[in-house]
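Printed here is run-v4.cif (mmCIF, C-alpha atoms and all ligand atoms):
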data_upload
#
loop_
_atom_site.group_PDB
_atom_site.id
_atom_site.type_symbol
_atom_site.label_atom_id
_atom_site.label_comp_id
_atom_site.auth_asym_id
_atom_site.auth_seq_id
_atom_site.Cartn_x
_atom_site.Cartn_y
_atom_site.Cartn_z
ATOM 1 C CA PRO H 1 87.312 52.865 28.392
ATOM 2 C CA LEU H 2 89.873 51.140 30.555
ATOM 3 C CA MET H 3 88.423 52.380 33.885
ATOM 4 C CA LEU H 4 84.995 50.680 34.333
ATOM 5 C CA SER H 5 82.689 53.453 35.477
ATOM 6 C CA ARG H 6 81.394 53.084 39.037
ATOM 7 C CA TYR H 7 78.072 54.469 37.791
ATOM 8 C CA GLU H 8 77.695 51.681 35.234
ATOM 9 C CA SER H 9 78.920 48.923 37.492
ATOM 10 C CA GLU H 10 76.842 49.907 40.566
ATOM 11 C CA PHE H 11 73.626 51.150 38.916
ATOM 12 C CA LEU H 12 71.132 50.231 36.245
ATOM 13 C CA GLU H 13 69.735 53.346 34.530
ATOM 14 C CA LEU H 14 65.916 53.116 34.253
ATOM 15 C CA GLU H 15 64.852 56.434 32.752
ATOM 16 C CA CYS H 16 65.910 60.031 32.301
ATOM 17 C CA ILE H 17 63.881 62.210 34.703
ATOM 18 C CA GLY H 18 65.431 65.573 34.017
ATOM 19 C CA VAL H 19 67.791 67.396 31.685
ATOM 20 C CA GLY H 20 69.183 70.902 32.052
ATOM 21 C CA GLU H 21 72.286 72.932 31.347
ATOM 22 C CA PHE H 22 73.622 71.328 34.544
ATOM 23 C CA GLY H 23 73.525 67.822 33.036
ATOM 24 C CA ALA H 24 71.000 64.998 33.355
ATOM 25 C CA VAL H 25 69.180 63.223 36.170
ATOM 26 C CA HIS H 26 68.276 59.555 35.899
ATOM 27 C CA LYS H 27 66.078 57.250 37.931
ATOM 28 C CA CYS H 28 68.396 54.340 38.683
ATOM 29 C CA VAL H 29 68.271 51.098 40.624
ATOM 30 C CA LYS H 30 71.337 50.165 42.653
ATOM 31 C CA ARG H 31 72.226 46.574 41.752
ATOM 32 C CA LEU H 32 73.408 45.758 45.288
ATOM 33 C CA ASP H 33 70.368 46.878 47.346
ATOM 34 C CA GLY H 34 67.690 46.963 44.642
ATOM 35 C CA CYS H 35 66.599 50.438 45.744
ATOM 36 C CA LEU H 36 65.778 53.385 43.504
ATOM 37 C CA TYR H 37 67.919 56.521 43.463
ATOM 38 C CA ALA H 38 67.942 59.812 41.585
ATOM 39 C CA ILE H 39 71.405 60.309 40.120
ATOM 40 C CA LYS H 40 72.563 63.569 38.575
ATOM 41 C CA CYS H 41 75.473 63.407 36.164
ATOM 42 C CA SER H 42 76.988 66.750 35.219
ATOM 43 C CA ARG H 43 80.057 67.672 33.277
ATOM 44 C CA ARG H 44 82.916 68.056 35.702
ATOM 45 C CA PRO H 45 83.444 71.799 36.148
ATOM 46 C CA LEU H 46 86.853 73.268 35.323
ATOM 47 C CA ALA H 47 89.154 72.888 38.295
ATOM 48 C CA GLY H 48 89.180 76.132 40.286
ATOM 49 C CA SER H 49 86.144 77.510 38.416
ATOM 50 C CA ALA H 50 83.059 79.067 40.056
ATOM 51 C CA ASN H 51 81.073 76.050 38.858
ATOM 52 C CA GLU H 52 83.429 73.760 40.725
ATOM 53 C CA GLN H 53 82.765 75.832 43.864
ATOM 54 C CA LEU H 54 79.004 75.383 43.336
ATOM 55 C CA ALA H 55 79.335 71.649 42.761
ATOM 56 C CA LEU H 56 81.399 71.281 45.931
ATOM 57 C CA LYS H 57 78.991 73.420 47.976
ATOM 58 C CA GLU H 58 76.142 71.100 46.980
ATOM 59 C CA VAL H 59 78.029 68.060 48.255
ATOM 60 C CA TYR H 60 79.274 69.882 51.380
ATOM 61 C CA ALA H 61 75.693 70.967 52.167
ATOM 62 C CA HIS H 62 74.399 67.404 51.850
ATOM 63 C CA ALA H 63 77.241 66.104 53.981
ATOM 64 C CA VAL H 64 76.604 68.712 56.717
ATOM 65 C CA LEU H 65 72.817 68.337 56.590
ATOM 66 C CA GLY H 66 72.569 64.615 57.261
ATOM 67 C CA HIS H 67 69.028 63.264 57.349
ATOM 68 C CA HIS H 68 65.704 65.042 57.638
ATOM 69 C CA PRO H 69 62.229 63.891 56.496
ATOM 70 C CA HIS H 70 61.726 67.120 54.508
ATOM 71 C CA VAL H 71 65.145 67.369 52.859
ATOM 72 C CA VAL H 72 66.032 65.057 49.967
ATOM 73 C CA ARG H 73 68.504 62.469 51.296
ATOM 74 C CA TYR H 74 72.065 62.380 49.927
ATOM 75 C CA TYR H 75 73.829 59.007 49.587
ATOM 76 C CA SER H 76 77.063 59.558 47.700
ATOM 77 C CA ALA H 77 78.974 61.690 45.200
ATOM 78 C CA TRP H 78 82.032 60.968 43.119
ATOM 79 C CA ALA H 79 83.913 62.086 39.993
ATOM 80 C CA GLU H 80 84.604 59.855 37.020
ATOM 81 C CA ASP H 81 85.900 60.494 33.548
ATOM 82 C CA ASP H 82 85.259 64.212 33.536
ATOM 83 C CA HIS H 83 81.814 63.954 35.208
ATOM 84 C CA MET H 84 80.516 64.837 38.654
ATOM 85 C CA ILE H 85 77.952 62.333 39.928
ATOM 86 C CA ILE H 86 75.608 62.754 42.926
ATOM 87 C CA GLN H 87 73.346 59.948 44.177
ATOM 88 C CA ASN H 88 70.252 61.145 46.042
ATOM 89 C CA GLU H 89 67.017 59.752 47.398
ATOM 90 C CA TYR H 90 64.494 59.128 44.621
ATOM 91 C CA CYS H 91 61.169 60.856 45.291
ATOM 92 C CA ASP H 92 58.476 58.966 43.363
ATOM 93 C CA GLY H 93 55.899 61.745 43.118
ATOM 94 C CA GLY H 94 57.572 64.201 40.781
ATOM 95 C CA SER H 95 58.229 67.837 41.697
ATOM 96 C CA LEU H 96 55.772 70.334 43.172
ATOM 97 C CA ASN H 97 56.028 72.135 39.827
ATOM 98 C CA ASN H 98 54.742 69.012 38.037
ATOM 99 C CA ALA H 99 51.883 68.839 40.574
ATOM 100 C CA ILE H 100 50.971 72.518 40.031
ATOM 101 C CA VAL H 101 50.956 72.102 36.233
ATOM 102 C CA LYS H 102 48.848 68.947 36.584
ATOM 103 C CA LYS H 103 46.262 70.782 38.751
ATOM 104 C CA GLU H 104 46.195 73.616 36.196
ATOM 105 C CA VAL H 105 45.630 71.214 33.302
ATOM 106 C CA GLN H 106 42.849 69.422 35.202
ATOM 107 C CA GLY H 107 41.254 72.744 36.180
ATOM 108 C CA GLU H 108 41.725 71.791 39.844
ATOM 109 C CA LEU H 109 43.170 73.759 42.745
ATOM 110 C CA PHE H 110 45.108 72.881 45.884
ATOM 111 C CA THR H 111 42.699 73.280 48.807
ATOM 112 C CA GLU H 112 43.621 75.643 51.643
ATOM 113 C CA ALA H 113 44.276 72.602 53.839
ATOM 114 C CA GLU H 114 46.696 71.218 51.225
ATOM 115 C CA LEU H 115 48.413 74.612 50.938
ATOM 116 C CA LYS H 116 48.849 74.746 54.707
ATOM 117 C CA ASP H 117 50.258 71.192 54.716
ATOM 118 C CA LEU H 118 52.726 72.182 51.962
ATOM 119 C CA LEU H 119 53.779 75.330 53.822
ATOM 120 C CA LEU H 120 54.184 73.466 57.119
ATOM 121 C CA GLN H 121 56.244 70.599 55.646
ATOM 122 C CA VAL H 122 58.623 72.842 53.689
ATOM 123 C CA SER H 123 58.943 75.113 56.756
ATOM 124 C CA MET H 124 60.109 72.069 58.725
ATOM 125 C CA GLY H 125 62.758 71.352 56.105
ATOM 126 C CA LEU H 126 63.838 75.014 56.097
ATOM 127 C CA LYS H 127 63.932 75.102 59.910
ATOM 128 C CA TYR H 128 66.385 72.205 59.777
ATOM 129 C CA ILE H 129 68.546 73.819 57.061
ATOM 130 C CA HIS H 130 68.542 77.214 58.813
ATOM 131 C CA SER H 131 69.289 75.658 62.234
ATOM 132 C CA SER H 132 72.408 74.158 60.612
ATOM 133 C CA GLY H 133 73.583 77.685 59.786
ATOM 134 C CA LEU H 134 72.816 77.241 56.086
ATOM 135 C CA VAL H 135 70.427 78.850 53.590
ATOM 136 C CA HIS H 136 69.013 77.181 50.457
ATOM 137 C CA LEU H 137 68.676 80.235 48.148
ATOM 138 C CA ASP H 138 66.829 78.422 45.386
ATOM 139 C CA ILE H 139 63.469 77.465 46.943
ATOM 140 C CA LYS H 140 60.883 77.065 44.171
ATOM 141 C CA PRO H 141 58.327 74.444 43.023
ATOM 142 C CA SER H 142 60.767 72.606 40.725
ATOM 143 C CA ASN H 143 63.168 72.107 43.652
ATOM 144 C CA ILE H 144 60.554 70.616 45.972
ATOM 145 C CA PHE H 145 60.063 66.895 45.395
ATOM 146 C CA ILE H 146 57.131 64.693 46.372
ATOM 147 C CA CYS H 147 57.187 61.238 47.960
ATOM 148 C CA GLN H 148 53.810 59.562 47.652
ATOM 149 C CA ARG H 149 54.828 57.013 50.239
ATOM 150 C CA PRO H 150 57.862 56.749 52.571
ATOM 151 C CA SER H 151 60.827 57.144 50.204
ATOM 152 C CA SER H 152 61.676 54.283 47.876
ATOM 153 C CA SER H 153 65.433 54.584 48.574
ATOM 154 C CA ALA H 154 67.196 52.551 51.221
ATOM 155 C CA PRO H 155 65.649 53.310 54.637
ATOM 156 C CA GLY H 156 67.793 55.628 56.723
ATOM 157 C CA GLU H 157 68.962 54.816 60.241
ATOM 158 C CA GLY H 158 66.979 56.737 62.847
ATOM 159 C CA GLU H 159 65.046 58.557 60.134
ATOM 160 C CA SER H 160 61.411 58.424 61.064
ATOM 161 C CA GLU H 161 58.623 60.427 59.491
ATOM 162 C CA GLU H 162 56.459 60.596 62.648
ATOM 163 C CA GLU H 163 59.319 62.453 64.418
ATOM 164 C CA GLU H 164 58.357 65.510 62.401
ATOM 165 C CA ASP H 165 54.679 65.046 61.740
ATOM 166 C CA GLY H 166 52.626 61.855 61.668
ATOM 167 C CA GLY H 167 49.965 63.700 59.691
ATOM 168 C CA ALA H 168 51.930 63.724 56.452
ATOM 169 C CA ALA H 169 52.541 59.973 56.638
ATOM 170 C CA ALA H 170 48.979 59.504 55.367
ATOM 171 C CA GLY H 171 49.253 61.996 52.476
ATOM 172 C CA VAL H 172 52.131 63.266 50.356
ATOM 173 C CA ILE H 173 55.532 64.139 51.779
ATOM 174 C CA TYR H 174 57.337 67.206 50.424
ATOM 175 C CA LYS H 175 61.141 67.303 50.404
ATOM 176 C CA ILE H 176 63.480 70.207 49.692
ATOM 177 C CA GLY H 177 65.973 69.255 46.966
ATOM 178 C CA ASP H 178 68.728 70.724 44.805
ATOM 179 C CA LEU H 179 71.207 72.137 47.307
ATOM 180 C CA GLY H 180 73.293 73.668 44.494
ATOM 181 C CA HIS H 181 72.887 77.218 45.837
ATOM 182 C CA VAL H 182 73.246 76.429 49.535
ATOM 183 C CA THR H 183 75.634 78.672 51.415
ATOM 184 C CA SER H 184 76.287 79.585 55.044
ATOM 185 C CA SER H 185 73.817 82.161 56.350
ATOM 186 C CA ASN H 186 76.476 84.352 57.895
ATOM 187 C CA SER H 187 79.582 84.205 55.722
ATOM 188 C CA PRO H 188 77.900 83.983 52.350
ATOM 189 C CA GLN H 189 79.302 83.810 48.882
ATOM 190 C CA VAL H 190 75.789 84.173 47.532
ATOM 191 C CA GLU H 191 75.057 82.524 44.187
ATOM 192 C CA GLU H 192 71.593 83.955 43.412
ATOM 193 C CA GLY H 193 68.847 81.433 42.611
ATOM 194 C CA ASP H 194 65.985 81.833 40.132
ATOM 195 C CA SER H 195 65.207 85.575 39.759
ATOM 196 C CA ARG H 196 61.458 84.894 39.773
ATOM 197 C CA PHE H 197 61.751 83.849 43.446
ATOM 198 C CA LEU H 198 64.516 86.251 44.453
ATOM 199 C CA ALA H 199 63.867 88.574 47.376
ATOM 200 C CA SER H 200 64.528 92.236 46.595
ATOM 201 C CA GLU H 201 67.091 92.692 49.395
ATOM 202 C CA VAL H 202 69.249 89.867 47.984
ATOM 203 C CA LEU H 203 69.152 91.452 44.525
ATOM 204 C CA HIS H 204 70.517 94.568 46.244
ATOM 205 C CA GLU H 205 73.213 92.450 47.885
ATOM 206 C CA ASP H 206 71.879 92.921 51.411
ATOM 207 C CA TYR H 207 72.766 89.522 52.906
ATOM 208 C CA SER H 208 71.967 90.430 56.528
ATOM 209 C CA HIS H 209 68.790 88.264 56.656
ATOM 210 C CA LEU H 210 69.451 85.421 54.198
ATOM 211 C CA PRO H 211 67.153 82.866 55.897
ATOM 212 C CA LYS H 212 64.283 85.310 55.249
ATOM 213 C CA ALA H 213 65.077 85.169 51.516
ATOM 214 C CA ASP H 214 64.181 81.454 51.662
ATOM 215 C CA ILE H 215 60.956 82.421 53.458
ATOM 216 C CA PHE H 216 60.132 84.933 50.694
ATOM 217 C CA ALA H 217 60.725 82.287 47.999
ATOM 218 C CA LEU H 218 58.568 79.842 49.991
ATOM 219 C CA GLY H 219 55.779 82.452 50.053
ATOM 220 C CA LEU H 220 55.897 82.745 46.248
ATOM 221 C CA THR H 221 56.012 78.939 45.971
ATOM 222 C CA VAL H 222 52.789 78.591 48.004
ATOM 223 C CA LEU H 223 51.221 81.457 46.021
ATOM 224 C CA LEU H 224 51.848 79.521 42.775
ATOM 225 C CA ALA H 225 50.395 76.362 44.321
ATOM 226 C CA ALA H 226 47.346 78.481 45.239
ATOM 227 C CA GLY H 227 46.883 79.199 41.527
ATOM 228 C CA ALA H 228 48.685 82.530 41.033
ATOM 229 C CA PRO H 229 49.717 83.217 37.420
ATOM 230 C CA PRO H 230 53.355 82.466 36.450
ATOM 231 C CA LEU H 231 55.866 84.846 38.055
ATOM 232 C CA ALA H 232 57.711 87.555 36.104
ATOM 233 C CA GLN H 233 61.497 87.411 35.917
ATOM 234 C CA ASN H 234 61.736 91.218 36.033
ATOM 235 C CA GLY H 235 59.796 94.385 35.196
ATOM 236 C CA ASP H 236 56.748 96.013 36.831
ATOM 237 C CA GLN H 237 55.088 92.764 37.954
ATOM 238 C CA TRP H 238 58.358 91.683 39.587
ATOM 239 C CA HIS H 239 58.586 94.958 41.510
ATOM 240 C CA SER H 240 54.904 95.277 42.491
ATOM 241 C CA LEU H 241 55.020 91.786 44.012
ATOM 242 C CA ARG H 242 57.987 92.960 46.088
ATOM 243 C CA GLU H 243 56.086 96.020 47.265
ATOM 244 C CA GLY H 244 53.672 93.613 48.944
ATOM 245 C CA ARG H 245 50.960 93.599 46.234
ATOM 246 C CA LEU H 246 49.774 89.991 45.856
ATOM 247 C CA PRO H 247 48.290 88.862 42.523
ATOM 248 C CA LYS H 248 44.617 87.914 42.262
ATOM 249 C CA LEU H 249 44.095 84.257 43.201
ATOM 250 C CA PRO H 250 41.490 81.941 41.628
ATOM 251 C CA GLN H 251 40.286 80.945 45.104
ATOM 252 C CA GLU H 252 39.155 82.726 48.267
ATOM 253 C CA LEU H 253 41.650 81.984 51.045
ATOM 254 C CA SER H 254 40.744 82.547 54.699
ATOM 255 C CA PRO H 255 41.793 86.014 55.946
ATOM 256 C CA ALA H 256 44.131 84.321 58.442
ATOM 257 C CA PHE H 257 45.970 82.293 55.765
ATOM 258 C CA ARG H 258 45.997 85.162 53.290
ATOM 259 C CA GLY H 259 47.454 87.366 56.013
ATOM 260 C CA LEU H 260 50.186 84.801 56.678
ATOM 261 C CA LEU H 261 51.097 84.666 52.965
ATOM 262 C CA GLN H 262 51.197 88.475 52.948
ATOM 263 C CA LEU H 263 53.665 88.323 55.851
ATOM 264 C CA LEU H 264 55.907 85.779 54.082
ATOM 265 C CA LEU H 265 56.142 88.249 51.198
ATOM 266 C CA ASP H 266 56.687 91.384 53.285
ATOM 267 C CA PRO H 267 59.219 93.738 51.653
ATOM 268 C CA ASP H 268 60.915 94.004 55.055
ATOM 269 C CA PRO H 269 62.724 90.684 55.716
ATOM 270 C CA THR H 270 62.529 91.230 59.493
ATOM 271 C CA LYS H 271 58.703 91.233 59.256
ATOM 272 C CA ARG H 272 58.644 87.764 57.625
ATOM 273 C CA PRO H 273 58.226 84.874 60.093
ATOM 274 C CA SER H 274 61.200 82.547 60.563
ATOM 275 C CA ALA H 275 60.889 78.858 59.608
ATOM 276 C CA ARG H 276 60.833 78.037 63.315
ATOM 277 C CA GLU H 277 57.906 80.446 63.901
ATOM 278 C CA LEU H 278 56.055 78.982 60.904
ATOM 279 C CA CYS H 279 56.401 75.444 62.298
ATOM 280 C CA LYS H 280 54.393 76.404 65.370
ATOM 281 C CA HIS H 281 52.104 78.953 63.720
ATOM 282 C CA THR H 282 48.481 78.460 64.823
ATOM 283 C CA VAL H 283 47.208 79.019 61.268
ATOM 284 C CA LEU H 284 49.236 75.961 60.185
ATOM 285 C CA ARG H 285 48.918 73.920 63.357
ATOM 286 C CA GLY H 286 45.110 74.100 63.488
ATOM 287 C CA LYS H 287 43.309 70.769 63.979
ATOM 288 C CA ARG H 288 43.590 68.495 60.958
ATOM 289 C CA THR H 289 40.364 68.124 59.041
ATOM 290 C CA GLU H 290 41.032 64.593 57.677
HETATM 291 C C1 LIG J 301 64.506 66.418 37.704
HETATM 292 N N1 LIG J 301 64.246 65.529 38.823
HETATM 293 C C2 LIG J 301 63.176 64.699 38.932
HETATM 294 C C3 LIG J 301 63.267 64.006 40.145
HETATM 295 C C4 LIG J 301 62.288 62.966 40.567
HETATM 296 C C5 LIG J 301 61.067 63.607 41.156
HETATM 297 O O1 LIG J 301 60.077 62.627 41.243
HETATM 298 C C6 LIG J 301 64.439 64.432 40.801
HETATM 299 C C7 LIG J 301 65.068 64.140 42.019
HETATM 300 C C8 LIG J 301 66.260 64.805 42.345
HETATM 301 C C9 LIG J 301 66.874 65.745 41.471
HETATM 302 C C10 LIG J 301 68.153 66.407 41.754
HETATM 303 C C11 LIG J 301 68.205 67.805 41.819
HETATM 304 C C12 LIG J 301 69.409 68.475 42.073
HETATM 305 C C13 LIG J 301 70.579 67.744 42.301
HETATM 306 C C14 LIG J 301 70.545 66.360 42.221
HETATM 307 C C15 LIG J 301 69.334 65.710 41.948
HETATM 308 CL CL1 LIG J 301 69.373 63.998 41.858
HETATM 309 C C16 LIG J 301 66.232 66.033 40.255
HETATM 310 C C17 LIG J 301 65.034 65.387 39.937
HETATM 311 C C18 LIG J 301 66.645 64.309 43.667
HETATM 312 O O2 LIG J 301 67.622 64.670 44.345
HETATM 313 N N2 LIG J 301 65.727 63.393 44.068
HETATM 314 C C19 LIG J 301 64.767 63.249 43.129
HETATM 315 O O3 LIG J 301 63.807 62.485 43.234
#

Can you give me the file's structure in the form of structure tokens?
Amino acid sequence: PLMLSRYESEFLELECIGVGEFGAVHKCVKRLDGCLYAIKCSRRPLAGSANEQLALKEVYAHAVLGHHPHVVRYYSAWAEDDHMIIQNEYCDGGSLNNAIVKKEVQGELFTEAELKDLLLQVSMGLKYIHSSGLVHLDIKPSNIFICQRPSSSAPGEGESEEEEDGGAAAGVIYKIGDLGHVTSSNSPQVEEGDSRFLASEVLHEDYSHLPKADIFALGLTVLLAAGAPPLAQNGDQWHSLREGRLPKLPQELSPAFRGLLQLLLDPDPTKRPSARELCKHTVLRGKRTE
């Protein structure tokens, strides 16, 4: 085609790392800086359509959110020949969902210390998103990405891991990704996320405590990492979980941690701790064992 695509001229496509109805995500290297990026190409939504709104909200959210060690970094977005393209930080460790499946296959479990580290890191990312007046609304294992070492994209100015928590620098770093459902926490046009992680009050269009819907989804995310069976999309299991009945777990968790998970999943959103409260929660801030 006459117009040389910016995507082709600026990037070398290395491999496809995800395909969905949204489009495809590739691991790419930027020719200029030699760094790796995750680039999502999706069909450009019809002008004025709901999908266009969603696509724009994703880019707006990234633009507003700037940099945080536990939120996937945004670099650029542009439109070309009927496609929307977004260039994000490449996280080299796959998604939390991949990690959960891998543990399952190997007959291994996340230890309680690892579960606490996961909960603390994602809470830090959520605290940042919520303090910016936004809510994610699609927190789930496949939207949490892992960096096995400080990210392999271009280093960010003033972005330092130890600011948030030196501890994670030694192990894995979890980052909240896919801001496609992000909306403002007080004047929401809510686009519901995955029903398996949806808080009951949001299903009933009660948007008065949206940040607590992210906390509920985070509780289910940690529950899955703890080895809970796959979540139901609807039906009795879906409802019983939302009446505060936790599924049987393949491991004994300490009463303190189990109690905290119970609180994250409380049917009453006002009973769930905020991300800020989680970040300083003694159960999560206990002395590190390693
Ligand atoms: C399927 N998939 C696999 C990965 C690599 C994990 O090791 C991945 C990434 C992203 C995304 C992504 C999600 C939503 C919107 C835009 C992007 Cl680039 C999707 C990804 C993203 O923003 N950063 C990623 O690493």

I need the residue nearest His281 of chain H from this list: H:Arg258, H:Lys116, H:His181, H:Lys212. Use all atoms listed in the file for the distance.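 Ranking H:Arg258, H:Lys116, H:His181, H:Lys212 by distance to His281 of chain H, first place goes to H:Lys116.
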
Shell around segment 24-29 of chain H at 10 Å using all atoms listed in the file, local window under 3 positions removed, as a ChimeraX atom specification: /H:7,10-21,32-43,85-92,153

Output for the residues just chosen: C-alpha atoms as a CSV table (one decimal), keeping the file's coordinate frame:
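Output file part_11.csv is given in full below:
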chain,number,residue,atom,x,y,z
H,7,TYR,CA,78.1,54.5,37.8
H,10,GLU,CA,76.8,49.9,40.6
H,11,PHE,CA,73.6,51.2,38.9
H,12,LEU,CA,71.1,50.2,36.2
H,13,GLU,CA,69.7,53.3,34.5
H,14,LEU,CA,65.9,53.1,34.3
H,15,GLU,CA,64.9,56.4,32.8
H,16,CYS,CA,65.9,60.0,32.3
H,17,ILE,CA,63.9,62.2,34.7
H,18,GLY,CA,65.4,65.6,34.0
H,19,VAL,CA,67.8,67.4,31.7
H,20,GLY,CA,69.2,70.9,32.1
H,21,GLU,CA,72.3,72.9,31.3
H,32,LEU,CA,73.4,45.8,45.3
H,33,ASP,CA,70.4,46.9,47.3
H,34,GLY,CA,67.7,47.0,44.6
H,35,CYS,CA,66.6,50.4,45.7
H,36,LEU,CA,65.8,53.4,43.5
H,37,TYR,CA,67.9,56.5,43.5
H,38,ALA,CA,67.9,59.8,41.6
H,39,ILE,CA,71.4,60.3,40.1
H,40,LYS,CA,72.6,63.6,38.6
H,41,CYS,CA,75.5,63.4,36.2
H,42,SER,CA,77.0,66.8,35.2
H,43,ARG,CA,80.1,67.7,33.3
H,85,ILE,CA,78.0,62.3,39.9
H,86,ILE,CA,75.6,62.8,42.9
H,87,GLN,CA,73.3,59.9,44.2
H,88,ASN,CA,70.3,61.1,46.0
H,89,GLU,CA,67.0,59.8,47.4
H,90,TYR,CA,64.5,59.1,44.6
H,91,CYS,CA,61.2,60.9,45.3
H,92,ASP,CA,58.5,59.0,43.4
H,153,SER,CA,65.4,54.6,48.6

Atom CA of Ser76 of chain H to atom CA of Leu119 of chain H: how many Å, to one decimal? 28.8 Å

Within 10 Å of Ile129 of chain H using all atoms listed in the file, minus same-chain residues under 2 positions, as a ChimeraX atom specification: /H:61,64-65,68,70-71,123-127,131-136,176,182,184-185,211,275

With 6 Å of padding per side, what axis-aligned box (centre and edge lengths, Å, one decimal) covers all the listed atoms of ligand LIG 301 (chain J)? Give it as lines of an AutoDock Vina configuration file.
center_x = 65.3
center_y = 65.5
center_z = 41.0
size_x = 22.5
size_y = 18.0
size_z = 18.6

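Separating atom CA of Ala256 of chain H from atom CA of Pro141 of chain H is a distance of 23.2 Å.
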
Assuming the chain letters and numbering stay as they are in my file, what does the PyMOL selection byres (((chain H and resi 228) around 7) and not hetatm) actually select? List them as a PyMOL selection string. chain H and resi 223-224+226-227+229-230+247-249

If we count all atoms listed in the file and set the cut-off at 12 Å, which residues sit around Ala55 of chain H, ignoring sequence neighbours fewer than 2 positions away in its own chain? Please answer as a PyMOL selection string. chain H and resi 22-23+40-53+57-62+77-79+83-86+178-183+191

Residue with the minimum atom-to-atom distance to ligand LIG 301 (chain J), picked from H:Glu277, H:Glu192, H:Asp236, H:Asp138 with only C-alpha atoms and all ligand atoms counted, is H:Asp138

Here's the selection I'm unsure about, the PyMOL selection byres (((chain H and resi 200) around 12) and not hetatm); applied to the file above, which residues does it give, as a PyMOL selection string? chain H and resi 192+195-199+201-207+209-210+212-214+216-217+234+238-244+265-269

Quick one: pull the distance between atom CA of Phe145 of chain H and atom CA of Asn98 of chain H, Å, one decimal.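 These atoms are spaced 9.3 Å apart.
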
Ranking H:Leu231, H:Leu284, H:Leu96, H:Leu253 by minimum distance to Asp194 of chain H and counting only C-alpha atoms, which one comes first?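 When distances to Asp194 of chain H are compared using only C-alpha atoms, the smallest one comes from H:Leu231.
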
Please provide the set of residues having any atom within 6 Å of Ile146 of chain H, restricted to all atoms listed in the file, with same-chain residues fewer than 6 positions apart removed, written as a PyMOL selection string. chain H and resi 91+93-95+173-174
